[in-house]
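K.L.:
The structure follows.
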Amino acid sequence: MARLVAVTACPTGIAHTFMAAEALRRAAQAAGHTLRAETQGSVGAQDALTPQEIADADAVILAADVNIDESRFAGKRIVRASTGDAIRNAAGLISQAVDAGAATATQPARAAPTAAPSSPAPTDTGRPLSIVGITACPTGIAHTFMAAEGLENGAKALGYTAKVETQGSVGAGNQLTAQDIAGADLVIIAADTNVDLARFQGKRVFQTGTKPAIQNGQALVQRALAEAPVYGTAAGLAVAGAQGGTDFVSQASAAKAAKNAGVPSAYKHLMTGVSHMLPFVVAGGLLIALAFAFGGINPAPGTFGAALSQIGGGTGAFGLFIPVLAGYIAYSIADRPGLAPGMIGGLLALGGGSGFLGGIIAGFLAGYVTRTLNRGIRLPRTLEGLKPTLLLPLLGTAITGLLMIYVVGRPVAAALTAATNWLRGLGDTSAGVLGAVIGAMMAFDMGGPINKAAYTFSTGLLGSEVYGPIAAAMAAGMTPPLALFLATLVFKNRFTADEREAGKAAGVLGLSFITEGAIPFAARDPLRVIPSLMVGSAVAGAISMAAGVQLRAPHGGIFVLFIPNAVTNLLMYIVAIVTGTVISTALLGLLKKPIAEAALPGVTNTQTVAGAADD
């Protein structure tokens, strides 16, 4: 009797997937063999194969019409076919698999994969431990690459090899191959957004945020080696099990629900939505600014300026950013089944006047409603295909839509209208106070949760045609790295040679509105650097808001200033940025004491510059 395992998958993940699995089971049973089949469908992997089942199997059948990650089957005899072949000729595939398994009977048995020891041990081949990883942040810019640099340097310092994939704003860089994953002893996910873990089935996977990787990559690698569970096993899914089981939820979703490195899952869901929303906001804002440049504030119909305004405005990019925000919050919570209910809920929020606040609520409602339905609805295997195509879109959208219309929409719309009117009616003094608060938040953690909260709030108001807060946020976000660049020139004896070199990169990042260029300096001397930067950013934000500066493009730094009409009261905006920069620079010179080169441990250029320079 042969022990076989199989994976079936088709593009929709519905009928052919389940029919192929059932045909293979029956054919194996009729021939006196055992077969365990994993189905990869639109609601995730069901009946997922465990590492032990794969290790014990004599052969593997992959009946799939889409690409499947084969890394977990390394060393196994594999029979490949389409789902149609499995449905029509299941007995023939079983026979091929049994013959393939028999061909390996005379070979030495392979040890079953088990969880690696809690402390790093040399590999069987004597090679260095191999680590692969993924880093990602909401914008996919500085934190993503700095975390990757931290992981690579940390692994290298311990004598290990590392390859890190960066999931940035232009897609995946340094992408991991199936061979990379198959040969890895450990997987480290350092991300502030959710990452699909399906390809790491059977590997030791450790999840955290980007911050630990940036601050001390070596310590993170050591902690991961000690604590990482095997993904896809009972231990690896303990958190998900405590939340009610994973019968109808992919194991990737279960892992997403865990809280890692003190970062709440709700924050990760929100940042996943924000990361997908930002390209729409940036493209729309810049196109509207260009429309003003070509046709003024109110371009005449039929002109080139009017066309640009239409593309970027409410019927184009700006009309999509709230549905996209809601859709990807829901996607982060419930995977693909949550996408449609989330986007439709976001569209209802936009149409009902509840704006980005309603979109955020719609995304969380759609995600948790759909996930609850996905876990709670139990159907016979033959009817399982109805869930992703009929039940989840219908029920998830209906429940979310009704809640948005009858419960959430009106009160949130009223609250947003009141907040918008209040913001528009702010006097110089009160506007300055708000700008100072936004500015201090932008500099507090320089790309972390507080910074992202201020930026998300300011960006969301663009949909309500409130342009003051985003101007304050960008001015305050540019100030910290610019101040550090200036301080390394004016107060050279306060910084090491490596810090002075890193200051050049910080200056470039500051001009581009990438606040993260200040992180290496803040990490080394937080008690002096962070307060100095917060004061300067608060002043920059206060001046911007008090002067009534409005910014219609939510990103771009100094380069946006050259677009006519993109910034109102441009002179005072420049004054705000320069004043904030000078104040932070002066405070850095006052609070930081002169140092000798050897007084502090050296920070290599790769630690301080390389991660940010790639941005």
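Each chain in the structure tokens gets a letter, A, B, ..., in the order shown, and its residues are numbered from 1; ligands are numbered from 1 in order too.
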Please run DSSP on the backbone and report, as an MDAnalysis selection string, all residues within stretch 531-599 of chain A that come out as alpha helix (DSSP H).
P.N.:
chainID A and resid 531:546 570:591
K.L.:
Identify, on the basis of only C-alpha atoms, every residue whose closest approach to A:Ser458 does not exceed 9 Å; exclude the query and any residue fewer than 6 positions from it along the same chain; express the result as a list in words.
P.N.:
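Once the nearby chain positions are removed, what remains is Ile438, Val466, Tyr467, Gly468, Pro469, Ile470, Ala471, Ala472, Ala473 and Pro554 of chain A.
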K.L.:
Report as a ChimeraX atom specification all protein, DNA and RNA residues lying within 9 Å of A:Lys452, evaluated on only C-alpha atoms, omitting residues in the same chain fewer than 6 positions from it.
P.N.:
/A:138,271,441-442,446
K.L.:
For stretch 178-183 of chain A, work out the shell of residues within 12 Å, counting only C-alpha atoms and skipping chain neighbours fewer than 6 positions away, then give it as JSON, numbers by chain.
P.N.:
{"A": [67, 68, 69, 70, 71, 72, 73, 74, 75, 113, 123, 125, 127, 128, 129, 130, 131, 132, 133, 134, 161, 162, 163, 164, 165, 197, 198, 199, 200, 201, 202, 203, 204, 205]}
K.L.:
Here is a test: counting only C-alpha atoms, which residue of A:Asn298, A:Thr370, A:Thr479, A:Asn569 is nearest to A:Thr397?
P.N.:
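Closest to A:Thr397 of all the choices is A:Thr370.
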K.L.:
Give me the residues within 12 Å of A:Pro526 as a ChimeraX atom specification, counting only C-alpha atoms and dropping any in the same chain fewer than 3 places off.
P.N.:
/A:215,443-446,518-523,529-534,588,591-592
K.L.:
If we count only C-alpha atoms and set the cut-off at 6 Å, which residues sit around stretch 285-297 of chain A, ignoring sequence neighbours fewer than 6 positions away in its own chain? Please answer as a list in words.
P.N.:
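After dropping sequence-adjacent residues, the list is Gly305, Leu308, Ser309, Gly312, Arg552, Ala553, Pro564, Asn565 and Ala566 of chain A.
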K.L.:
Which residue, A:Leu484, A:Ile189, A:Ala266, A:Val221, has the smallest gap to A:Ser584 when you use only C-alpha atoms?
P.N.:
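Smallest separation from A:Ser584 among the options: A:Leu484.
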K.L.:
I'd like the interatomic distance between atom CA of A:Leu186 and atom CA of A:Glu152, to a tenth of an Å.
P.N.:
13.1 Å
K.L.:
Between atom CA of A:Ala190 and atom CA of A:Ala147, what is the distance, to one decimal in Å?
P.N.:
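Calculated distance between atom CA of A:Ala190 and atom CA of A:Ala147 is 7.0 Å.
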K.L.:
Using only C-alpha atoms, which residue out of A:Val274, A:Ala157, A:Leu225, A:Ala497 lies closest to A:Thr459?
P.N.:
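Closest residue, counting only C-alpha atoms: A:Val274.
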K.L.:
Considering only C-alpha atoms, return as a ChimeraX atom specification whatever protein or nucleic-acid residues lie within 8 Å of A:Asn194, sequence-local ones (same chain, fewer than 2 positions apart) excluded.
P.N.:
/A:191-192,196,256,268-269,272,332
K.L.:
Stretch 117-216 of chain A: which residues are strand (DSSP E) by DSSP, as an MDAnalysis selection string?
P.N.:
chainID A and resid 130:136 161:168 171:173 186:191 205:208
K.L.:
Hey, which of A:Gly503, A:Pro341, A:Gly358, A:Gly150 ends up closest to A:Gly463? Count only C-alpha atoms.
P.N.:
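When distances to A:Gly463 are compared using only C-alpha atoms, the smallest one comes from A:Gly358.
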